[in-house]
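Notes for the one structure printed next.
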Amino acid sequence: MTKYAVSRRVPYSIEQVFKIAGDVASYKEFVPLVKRSVVRNKTTLPDGRIAFDAEISVSYSKLGIQESMTSKVTIDPVRMIVKSHCADGPVKVLDSEWKLIEVDARTTEIQFAVDFTLKSRSLQFLISGMFDMMLRKVLRAFEQRAHKLYGAVAA
């Protein structure tokens, strides 16, 4: 599997950032390449975690990529973690984790990790070369989403 991890501190509360990370149904509105995001079968588990299926469609016309996949997502509001697992569509396996750490009342460290293996070895090779850049774009998109929802941060 190919593993990538990026982190970034953002000037928003952990609750604000967690709300964005857990709102998978809205990913189509701000995450690069995501054209469709639908949540199904949402349930609250006995320990308070929330689990659901998320169907995500991605499109990258420059490479002729248009794929859909369904992930099992678990949101843990106590540990401030959003995890997903997918073994569908173009991937053999795709695991991701958003882990949020409160630095102070108005600063959150986002740790985003992705572990994946694609069914196509040539596509795996091609995407692996630019995946770090893609993850950084996703983090920037989340920060821009926070700016849109919660406003600019005072310097």
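To be explicit about the labels: the chains of the structure tokens are called A, B, and onward in the order shown, and within each one the residues are counted from 1, while ligands get numbers from 1 in the order they are shown.
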
*Quick one: residues within 7 Å of Phe116 (chain A), only C-alpha atoms counted, chain neighbours fewer than 4 positions away excluded, as a list in words?*
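Counting only C-alpha atoms, the residues come to Met1, Thr2, Lys3, Val93, Leu94 and Asp95 of chain A.
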
What does the file look like for those residues with C-alpha atoms, as a short mmCIF file (atom, residue, chain, number, x, y, z; two decimals), in the first residue's frame?
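Now in result19.cif:
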```cif
data_model
loop_
_atom_site.label_atom_id
_atom_site.label_comp_id
_atom_site.auth_asym_id
_atom_site.auth_seq_id
_atom_site.Cartn_x
_atom_site.Cartn_y
_atom_site.Cartn_z
CA MET A 1 0.00 0.00 0.00
CA THR A 2 1.06 3.59 -0.59
CA LYS A 3 0.97 5.76 2.52
CA VAL A 93 -8.10 -0.61 -0.57
CA LEU A 94 -8.28 3.02 0.50
CA ASP A 95 -8.07 3.98 4.16
#
```

*asked:* Residues near Glu102 (chain A), anyone? I mean within 12 Å using only C-alpha atoms, not counting same-chain ones fewer than 6 positions away, as a PyMOL selection string.
replied: chain A and resi 8-18+79-80+108-111

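Interatomic distance, CA of Arg140 (chain A) to CA of Gly48 (chain A): 29.2 Å.
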
Using only C-alpha atoms, determine which residues lie at most 7 Å from Leu33 (chain A), disregarding the query and same-chain residues fewer than 4 positions distant; provide the list as a PDB file with N, CA and C atoms, in the first residue's frame.
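Listed below is the output, selection.pdb:
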```
ATOM      1  N   VAL A  58     -15.395  10.960  -8.218  1.00  0.00           N
ATOM      2  CA  VAL A  58     -14.304  11.881  -8.535  1.00  0.00           C
ATOM      3  C   VAL A  58     -14.121  11.931 -10.042  1.00  0.00           C
ATOM      4  N   SER A  59     -13.652  13.077 -10.499  1.00  0.00           N
ATOM      5  CA  SER A  59     -13.442  13.259 -11.929  1.00  0.00           C
ATOM      6  C   SER A  59     -12.202  14.120 -12.138  1.00  0.00           C
ATOM      7  N   TYR A  60     -11.334  13.676 -13.031  1.00  0.00           N
ATOM      8  CA  TYR A  60     -10.153  14.442 -13.399  1.00  0.00           C
ATOM      9  C   TYR A  60     -10.016  14.321 -14.915  1.00  0.00           C
TER      10      TYR A  60
END
```

*Which value, in Å to one decimal, gives the distance between CA of Asn41 (chain A) and CA of Asp88 (chain A)?*
17.0 Å

*Where in chain A does DSSP assign strand (DSSP E), given as an NGL selection string?*
:A and (2-10 or 34-44 or 50-60 or 65-76 or 81-86 or 91-104 or 107-118)

*asked:* List the spatial neighbours of Leu149 (chain A) as an MDAnalysis selection string - criterion: any atom at most 12 Å away, only C-alpha atoms, same-chain residues fewer than 3 positions off excluded.
replied: chainID A and resid 12 16:17 19:20 30 142:146 152:153

*asked:* Please report the interatomic distance between CA of Lys148 (chain A) and CA of Val78 (chain A) in Å with one decimal.
replied: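 Taking CA of Lys148 (chain A) and CA of Val78 (chain A), their separation equals 25.4 Å.
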
I'd like to know which residues of region 22-149 of chain A are helix (DSSP H, G or I) (by DSSP, run on the backbone); could you write them as an mmCIF file with all heavy atoms, in the first residue's frame?
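Generated file (result_10.cif):
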```
data_model
loop_
_atom_site.group_PDB
_atom_site.id
_atom_site.type_symbol
_atom_site.label_atom_id
_atom_site.label_comp_id
_atom_site.auth_asym_id
_atom_site.auth_seq_id
_atom_site.Cartn_x
_atom_site.Cartn_y
_atom_site.Cartn_z
ATOM 1 N N GLY A 22 -16.389 15.940 9.154
ATOM 2 C CA GLY A 22 -17.450 14.946 9.262
ATOM 3 C C GLY A 22 -18.628 15.147 8.331
ATOM 4 O O GLY A 22 -19.468 14.272 8.182
ATOM 5 N N VAL A 24 -19.377 14.784 5.217
ATOM 6 C CA VAL A 24 -18.995 14.146 3.952
ATOM 7 C C VAL A 24 -19.979 14.478 2.836
ATOM 8 O O VAL A 24 -19.584 14.631 1.683
ATOM 9 C CB VAL A 24 -18.848 12.618 4.143
ATOM 10 C CG1 VAL A 24 -18.519 11.931 2.834
ATOM 11 C CG2 VAL A 24 -17.784 12.313 5.199
ATOM 12 N N ALA A 25 -21.240 14.626 3.157
ATOM 13 C CA ALA A 25 -22.247 14.944 2.129
ATOM 14 C C ALA A 25 -21.942 16.274 1.433
ATOM 15 O O ALA A 25 -22.346 16.476 0.283
ATOM 16 C CB ALA A 25 -23.639 14.978 2.746
ATOM 17 N N SER A 26 -21.215 17.168 2.078
ATOM 18 C CA SER A 26 -20.886 18.465 1.484
ATOM 19 C C SER A 26 -19.548 18.486 0.749
ATOM 20 O O SER A 26 -19.179 19.510 0.177
ATOM 21 C CB SER A 26 -20.870 19.551 2.572
ATOM 22 O OG SER A 26 -22.166 19.728 3.082
ATOM 23 N N TYR A 27 -18.814 17.397 0.756
ATOM 24 C CA TYR A 27 -17.500 17.374 0.106
ATOM 25 C C TYR A 27 -17.564 17.828 -1.350
ATOM 26 O O TYR A 27 -16.657 18.470 -1.856
ATOM 27 C CB TYR A 27 -16.872 15.991 0.176
ATOM 28 C CG TYR A 27 -16.240 15.630 1.505
ATOM 29 C CD1 TYR A 27 -16.489 16.370 2.664
ATOM 30 C CD2 TYR A 27 -15.411 14.540 1.610
ATOM 31 C CE1 TYR A 27 -15.904 16.020 3.876
ATOM 32 C CE2 TYR A 27 -14.812 14.189 2.816
ATOM 33 C CZ TYR A 27 -15.064 14.927 3.941
ATOM 34 O OH TYR A 27 -14.488 14.572 5.131
ATOM 35 N N LYS A 28 -18.666 17.509 -2.025
ATOM 36 C CA LYS A 28 -18.805 17.880 -3.443
ATOM 37 C C LYS A 28 -18.745 19.395 -3.634
ATOM 38 O O LYS A 28 -18.441 19.876 -4.711
ATOM 39 C CB LYS A 28 -20.103 17.324 -4.021
ATOM 40 C CG LYS A 28 -21.354 17.906 -3.380
ATOM 41 C CD LYS A 28 -22.608 17.216 -3.875
ATOM 42 C CE LYS A 28 -23.825 17.586 -3.080
ATOM 43 N NZ LYS A 28 -23.922 16.933 -1.778
ATOM 44 N N GLU A 29 -19.033 20.146 -2.580
ATOM 45 C CA GLU A 29 -19.058 21.600 -2.668
ATOM 46 C C GLU A 29 -17.682 22.243 -2.577
ATOM 47 O O GLU A 29 -17.519 23.386 -2.986
ATOM 48 C CB GLU A 29 -19.954 22.171 -1.560
ATOM 49 C CG GLU A 29 -21.400 21.738 -1.682
ATOM 50 C CD GLU A 29 -22.231 22.151 -0.485
ATOM 51 O OE1 GLU A 29 -21.824 23.088 0.239
ATOM 52 O OE2 GLU A 29 -23.295 21.530 -0.269
ATOM 53 N N SER A 61 -10.567 15.289 -15.615
ATOM 54 C CA SER A 61 -10.671 15.211 -17.081
ATOM 55 C C SER A 61 -9.305 15.161 -17.777
ATOM 56 O O SER A 61 -9.183 14.529 -18.821
ATOM 57 C CB SER A 61 -11.498 16.380 -17.616
ATOM 58 O OG SER A 61 -10.908 17.604 -17.250
ATOM 59 N N LYS A 62 -8.276 15.787 -17.224
ATOM 60 C CA LYS A 62 -6.949 15.786 -17.858
ATOM 61 C C LYS A 62 -6.387 14.378 -18.010
ATOM 62 O O LYS A 62 -5.639 14.110 -18.941
ATOM 63 C CB LYS A 62 -5.962 16.645 -17.063
ATOM 64 C CG LYS A 62 -6.251 18.125 -17.155
ATOM 65 C CD LYS A 62 -5.229 18.928 -16.370
ATOM 66 C CE LYS A 62 -5.563 20.399 -16.419
ATOM 67 N NZ LYS A 62 -4.607 21.203 -15.648
ATOM 68 N N LEU A 63 -6.752 13.489 -17.073
ATOM 69 C CA LEU A 63 -6.289 12.103 -17.144
ATOM 70 C C LEU A 63 -7.402 11.146 -17.566
ATOM 71 O O LEU A 63 -7.199 9.941 -17.598
ATOM 72 C CB LEU A 63 -5.723 11.653 -15.791
ATOM 73 C CG LEU A 63 -4.474 12.377 -15.308
ATOM 74 C CD1 LEU A 63 -4.077 11.870 -13.927
ATOM 75 C CD2 LEU A 63 -3.326 12.187 -16.287
ATOM 76 N N ARG A 121 -2.088 -0.887 -11.733
ATOM 77 C CA ARG A 121 -0.713 -0.572 -11.322
ATOM 78 C C ARG A 121 -0.194 0.671 -12.024
ATOM 79 O O ARG A 121 0.527 1.469 -11.429
ATOM 80 C CB ARG A 121 0.194 -1.764 -11.604
ATOM 81 C CG ARG A 121 -0.138 -2.946 -10.724
ATOM 82 C CD ARG A 121 0.715 -4.111 -11.055
ATOM 83 N NE ARG A 121 1.998 -3.921 -10.397
ATOM 84 C CZ ARG A 121 2.825 -4.889 -10.131
ATOM 85 N NH1 ARG A 121 2.512 -6.103 -10.465
ATOM 86 N NH2 ARG A 121 3.965 -4.650 -9.535
ATOM 87 N N SER A 122 -0.568 0.866 -13.275
ATOM 88 C CA SER A 122 -0.087 2.047 -13.989
ATOM 89 C C SER A 122 -0.711 3.312 -13.407
ATOM 90 O O SER A 122 -0.041 4.343 -13.244
ATOM 91 C CB SER A 122 -0.360 1.944 -15.490
ATOM 92 O OG SER A 122 -1.730 1.757 -15.741
ATOM 93 N N LEU A 123 -1.991 3.251 -13.062
ATOM 94 C CA LEU A 123 -2.636 4.403 -12.434
ATOM 95 C C LEU A 123 -2.061 4.644 -11.033
ATOM 96 O O LEU A 123 -1.860 5.788 -10.619
ATOM 97 C CB LEU A 123 -4.156 4.194 -12.368
ATOM 98 C CG LEU A 123 -4.988 5.401 -11.950
ATOM 99 C CD1 LEU A 123 -4.730 6.598 -12.858
ATOM 100 C CD2 LEU A 123 -6.466 5.039 -11.956
ATOM 101 N N GLN A 124 -1.750 3.568 -10.318
ATOM 102 C CA GLN A 124 -1.113 3.682 -8.995
ATOM 103 C C GLN A 124 0.205 4.441 -9.127
ATOM 104 O O GLN A 124 0.484 5.363 -8.363
ATOM 105 C CB GLN A 124 -0.851 2.286 -8.407
ATOM 106 C CG GLN A 124 -0.102 2.282 -7.090
ATOM 107 C CD GLN A 124 -1.000 2.409 -5.894
ATOM 108 O OE1 GLN A 124 -2.176 2.069 -5.937
ATOM 109 N NE2 GLN A 124 -0.457 2.899 -4.801
ATOM 110 N N PHE A 125 1.000 4.071 -10.109
ATOM 111 C CA PHE A 125 2.292 4.732 -10.336
ATOM 112 C C PHE A 125 2.090 6.202 -10.677
ATOM 113 O O PHE A 125 2.754 7.082 -10.129
ATOM 114 C CB PHE A 125 3.057 4.020 -11.459
ATOM 115 C CG PHE A 125 4.365 4.660 -11.781
ATOM 116 C CD1 PHE A 125 5.461 4.496 -10.946
ATOM 117 C CD2 PHE A 125 4.493 5.440 -12.911
ATOM 118 C CE1 PHE A 125 6.674 5.105 -11.236
ATOM 119 C CE2 PHE A 125 5.708 6.061 -13.212
ATOM 120 C CZ PHE A 125 6.792 5.892 -12.369
ATOM 121 N N LEU A 126 1.152 6.469 -11.563
ATOM 122 C CA LEU A 126 0.891 7.844 -12.002
ATOM 123 C C LEU A 126 0.409 8.720 -10.847
ATOM 124 O O LEU A 126 0.921 9.813 -10.618
ATOM 125 C CB LEU A 126 -0.153 7.842 -13.123
ATOM 126 C CG LEU A 126 -0.556 9.185 -13.703
ATOM 127 C CD1 LEU A 126 0.619 9.816 -14.426
ATOM 128 C CD2 LEU A 126 -1.731 9.002 -14.653
ATOM 129 N N ILE A 127 -0.555 8.237 -10.097
ATOM 130 C CA ILE A 127 -1.131 9.021 -9.004
ATOM 131 C C ILE A 127 -0.157 9.149 -7.838
ATOM 132 O O ILE A 127 -0.099 10.198 -7.190
ATOM 133 C CB ILE A 127 -2.474 8.419 -8.559
ATOM 134 C CG1 ILE A 127 -3.513 8.707 -9.645
ATOM 135 C CG2 ILE A 127 -2.919 8.970 -7.224
ATOM 136 C CD1 ILE A 127 -4.880 8.187 -9.365
ATOM 137 N N SER A 128 0.637 8.127 -7.576
ATOM 138 C CA SER A 128 1.575 8.187 -6.459
ATOM 139 C C SER A 128 2.526 9.365 -6.579
ATOM 140 O O SER A 128 2.898 9.978 -5.585
ATOM 141 C CB SER A 128 2.370 6.881 -6.361
ATOM 142 O OG SER A 128 1.509 5.833 -5.991
ATOM 143 N N PHE A 131 0.424 12.480 -5.394
ATOM 144 C CA PHE A 131 -0.531 12.327 -4.305
ATOM 145 C C PHE A 131 -0.269 13.278 -3.153
ATOM 146 O O PHE A 131 -1.201 13.829 -2.560
ATOM 147 C CB PHE A 131 -0.564 10.873 -3.814
ATOM 148 C CG PHE A 131 -1.878 10.509 -3.209
ATOM 149 C CD1 PHE A 131 -2.973 10.237 -4.012
ATOM 150 C CD2 PHE A 131 -2.049 10.462 -1.838
ATOM 151 C CE1 PHE A 131 -4.204 9.911 -3.468
ATOM 152 C CE2 PHE A 131 -3.274 10.139 -1.283
ATOM 153 C CZ PHE A 131 -4.350 9.862 -2.102
ATOM 154 N N ASP A 132 0.994 13.492 -2.805
ATOM 155 C CA ASP A 132 1.310 14.426 -1.727
ATOM 156 C C ASP A 132 0.749 15.813 -2.045
ATOM 157 O O ASP A 132 0.141 16.458 -1.190
ATOM 158 C CB ASP A 132 2.821 14.497 -1.505
ATOM 159 C CG ASP A 132 3.169 15.391 -0.330
ATOM 160 O OD1 ASP A 132 2.782 15.063 0.800
ATOM 161 O OD2 ASP A 132 3.828 16.430 -0.552
ATOM 162 N N MET A 133 0.925 16.258 -3.285
ATOM 163 C CA MET A 133 0.399 17.556 -3.705
ATOM 164 C C MET A 133 -1.132 17.566 -3.610
ATOM 165 O O MET A 133 -1.730 18.540 -3.167
ATOM 166 C CB MET A 133 0.831 17.876 -5.135
ATOM 167 C CG MET A 133 0.263 19.177 -5.672
ATOM 168 S SD MET A 133 0.568 19.418 -7.418
ATOM 169 C CE MET A 133 -0.424 18.121 -8.142
ATOM 170 N N MET A 134 -1.769 16.471 -4.001
ATOM 171 C CA MET A 134 -3.227 16.381 -3.937
ATOM 172 C C MET A 134 -3.727 16.472 -2.497
ATOM 173 O O MET A 134 -4.710 17.164 -2.217
ATOM 174 C CB MET A 134 -3.710 15.092 -4.606
ATOM 175 C CG MET A 134 -3.551 15.113 -6.113
ATOM 176 S SD MET A 134 -3.849 13.550 -6.989
ATOM 177 C CE MET A 134 -5.115 12.749 -6.105
ATOM 178 N N LEU A 135 -3.033 15.800 -1.570
ATOM 179 C CA LEU A 135 -3.447 15.865 -0.172
ATOM 180 C C LEU A 135 -3.316 17.280 0.371
ATOM 181 O O LEU A 135 -4.172 17.748 1.131
ATOM 182 C CB LEU A 135 -2.623 14.915 0.687
ATOM 183 C CG LEU A 135 -2.921 13.432 0.570
ATOM 184 C CD1 LEU A 135 -2.098 12.654 1.582
ATOM 185 C CD2 LEU A 135 -4.388 13.145 0.760
ATOM 186 N N ARG A 136 -2.263 17.966 -0.015
ATOM 187 C CA ARG A 136 -2.080 19.347 0.437
ATOM 188 C C ARG A 136 -3.189 20.248 -0.121
ATOM 189 O O ARG A 136 -3.669 21.147 0.569
ATOM 190 C CB ARG A 136 -0.701 19.849 0.058
ATOM 191 C CG ARG A 136 0.381 19.136 0.847
ATOM 192 C CD ARG A 136 1.786 19.630 0.606
ATOM 193 N NE ARG A 136 2.752 18.749 1.211
ATOM 194 C CZ ARG A 136 2.999 18.658 2.515
ATOM 195 N NH1 ARG A 136 2.320 19.408 3.357
ATOM 196 N NH2 ARG A 136 3.898 17.830 2.982
ATOM 197 N N LYS A 137 -3.625 19.984 -1.357
ATOM 198 C CA LYS A 137 -4.746 20.746 -1.926
ATOM 199 C C LYS A 137 -6.033 20.479 -1.153
ATOM 200 O O LYS A 137 -6.842 21.378 -0.941
ATOM 201 C CB LYS A 137 -4.943 20.402 -3.407
ATOM 202 C CG LYS A 137 -3.950 21.053 -4.317
ATOM 203 C CD LYS A 137 -4.300 20.778 -5.760
ATOM 204 C CE LYS A 137 -3.380 21.547 -6.682
ATOM 205 N NZ LYS A 137 -3.803 21.468 -8.070
ATOM 206 N N VAL A 138 -6.223 19.236 -0.735
ATOM 207 C CA VAL A 138 -7.411 18.897 0.053
ATOM 208 C C VAL A 138 -7.381 19.650 1.383
ATOM 209 O O VAL A 138 -8.388 20.227 1.799
ATOM 210 C CB VAL A 138 -7.525 17.371 0.269
ATOM 211 C CG1 VAL A 138 -8.586 17.038 1.312
ATOM 212 C CG2 VAL A 138 -7.832 16.674 -1.054
ATOM 213 N N LEU A 139 -6.222 19.671 2.038
ATOM 214 C CA LEU A 139 -6.120 20.416 3.294
ATOM 215 C C LEU A 139 -6.410 21.898 3.090
ATOM 216 O O LEU A 139 -7.109 22.521 3.893
ATOM 217 C CB LEU A 139 -4.730 20.248 3.908
ATOM 218 C CG LEU A 139 -4.511 19.034 4.789
ATOM 219 C CD1 LEU A 139 -3.095 19.019 5.346
ATOM 220 C CD2 LEU A 139 -5.513 18.968 5.907
ATOM 221 N N ARG A 140 -5.883 22.472 2.014
ATOM 222 C CA ARG A 140 -6.161 23.882 1.721
ATOM 223 C C ARG A 140 -7.657 24.095 1.483
ATOM 224 O O ARG A 140 -8.230 25.091 1.924
ATOM 225 C CB ARG A 140 -5.350 24.362 0.512
ATOM 226 C CG ARG A 140 -3.930 24.750 0.869
ATOM 227 C CD ARG A 140 -3.240 25.511 -0.230
ATOM 228 N NE ARG A 140 -3.155 24.826 -1.506
ATOM 229 C CZ ARG A 140 -2.231 23.918 -1.825
ATOM 230 N NH1 ARG A 140 -1.296 23.597 -0.957
ATOM 231 N NH2 ARG A 140 -2.234 23.354 -3.005
ATOM 232 N N ALA A 141 -8.295 23.148 0.809
ATOM 233 C CA ALA A 141 -9.734 23.259 0.549
ATOM 234 C C ALA A 141 -10.522 23.251 1.858
ATOM 235 O O ALA A 141 -11.502 23.985 2.013
ATOM 236 C CB ALA A 141 -10.202 22.129 -0.363
ATOM 237 N N PHE A 142 -10.106 22.439 2.828
ATOM 238 C CA PHE A 142 -10.781 22.413 4.115
ATOM 239 C C PHE A 142 -10.585 23.734 4.850
ATOM 240 O O PHE A 142 -11.512 24.243 5.477
ATOM 241 C CB PHE A 142 -10.294 21.230 4.960
ATOM 242 C CG PHE A 142 -11.061 19.975 4.676
ATOM 243 C CD1 PHE A 142 -10.831 19.250 3.521
ATOM 244 C CD2 PHE A 142 -12.031 19.529 5.547
ATOM 245 C CE1 PHE A 142 -11.551 18.098 3.238
ATOM 246 C CE2 PHE A 142 -12.764 18.375 5.275
ATOM 247 C CZ PHE A 142 -12.516 17.664 4.121
ATOM 248 N N GLU A 143 -9.396 24.298 4.769
ATOM 249 C CA GLU A 143 -9.146 25.588 5.416
ATOM 250 C C GLU A 143 -9.970 26.692 4.745
ATOM 251 O O GLU A 143 -10.559 27.549 5.418
ATOM 252 C CB GLU A 143 -7.661 25.942 5.386
ATOM 253 C CG GLU A 143 -7.349 27.141 6.226
ATOM 254 C CD GLU A 143 -5.864 27.388 6.427
ATOM 255 O OE1 GLU A 143 -5.039 26.681 5.807
ATOM 256 O OE2 GLU A 143 -5.524 28.295 7.196
ATOM 257 N N GLN A 144 -10.069 26.648 3.430
ATOM 258 C CA GLN A 144 -10.888 27.630 2.715
ATOM 259 C C GLN A 144 -12.365 27.464 3.066
ATOM 260 O O GLN A 144 -13.106 28.439 3.173
ATOM 261 C CB GLN A 144 -10.666 27.507 1.203
ATOM 262 C CG GLN A 144 -9.298 27.974 0.772
ATOM 263 C CD GLN A 144 -8.964 27.572 -0.656
ATOM 264 O OE1 GLN A 144 -9.649 26.781 -1.294
ATOM 265 N NE2 GLN A 144 -7.863 28.123 -1.172
ATOM 266 N N ARG A 145 -12.795 26.227 3.272
ATOM 267 C CA ARG A 145 -14.176 25.968 3.677
ATOM 268 C C ARG A 145 -14.438 26.577 5.059
ATOM 269 O O ARG A 145 -15.478 27.202 5.292
ATOM 270 C CB ARG A 145 -14.444 24.452 3.686
ATOM 271 C CG ARG A 145 -15.841 24.059 4.112
ATOM 272 C CD ARG A 145 -16.851 24.409 3.089
ATOM 273 N NE ARG A 145 -18.128 23.770 3.381
ATOM 274 C CZ ARG A 145 -19.194 23.916 2.655
ATOM 275 N NH1 ARG A 145 -19.166 24.668 1.564
ATOM 276 N NH2 ARG A 145 -20.308 23.304 2.974
ATOM 277 N N ALA A 146 -13.483 26.418 5.969
ATOM 278 C CA ALA A 146 -13.622 27.011 7.300
ATOM 279 C C ALA A 146 -13.699 28.534 7.196
ATOM 280 O O ALA A 146 -14.536 29.161 7.865
ATOM 281 C CB ALA A 146 -12.448 26.604 8.190
ATOM 282 N N HIS A 147 -12.890 29.117 6.337
ATOM 283 C CA HIS A 147 -12.910 30.563 6.142
ATOM 284 C C HIS A 147 -14.282 31.004 5.632
ATOM 285 O O HIS A 147 -14.844 31.993 6.098
ATOM 286 C CB HIS A 147 -11.807 30.965 5.162
ATOM 287 C CG HIS A 147 -11.775 32.424 4.871
ATOM 288 N ND1 HIS A 147 -11.143 33.341 5.698
ATOM 289 C CD2 HIS A 147 -12.311 33.154 3.861
ATOM 290 C CE1 HIS A 147 -11.294 34.543 5.197
ATOM 291 N NE2 HIS A 147 -12.001 34.463 4.083
ATOM 292 N N LYS A 148 -14.831 30.239 4.697
ATOM 293 C CA LYS A 148 -16.149 30.575 4.135
ATOM 294 C C LYS A 148 -17.252 30.445 5.197
ATOM 295 O O LYS A 148 -18.132 31.300 5.293
ATOM 296 C CB LYS A 148 -16.455 29.663 2.946
ATOM 297 C CG LYS A 148 -17.816 29.914 2.323
ATOM 298 C CD LYS A 148 -18.070 29.003 1.138
ATOM 299 C CE LYS A 148 -19.472 29.258 0.572
ATOM 300 N NZ LYS A 148 -19.775 28.374 -0.525
ATOM 301 N N LEU A 149 -17.200 29.388 5.987
ATOM 302 C CA LEU A 149 -18.250 29.132 6.977
ATOM 303 C C LEU A 149 -18.121 29.986 8.243
ATOM 304 O O LEU A 149 -19.128 30.404 8.813
ATOM 305 C CB LEU A 149 -18.265 27.656 7.390
ATOM 306 C CG LEU A 149 -18.654 26.650 6.321
ATOM 307 C CD1 LEU A 149 -18.508 25.234 6.871
ATOM 308 C CD2 LEU A 149 -20.063 26.897 5.809
#
```

*Find, counting only C-alpha atoms, the residue in A:Ala113, A:Ala87, A:Val73, A:Val103 that gets nearest to Arg49 (chain A).*
A:Val73

*Which is closest to Met69 (chain A) among A:Thr117, A:Ile81, A:Pro46, A:Asp53, if we use only C-alpha atoms?*
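Looking only at the distances to Met69 (chain A), the closest residue turns out to be A:Asp53.
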
*So, counting only C-alpha atoms, which residue among A:Ser71, A:Gln66, A:Thr107, A:Ser7 is closest to Val38 (chain A)?*
A:Ser71
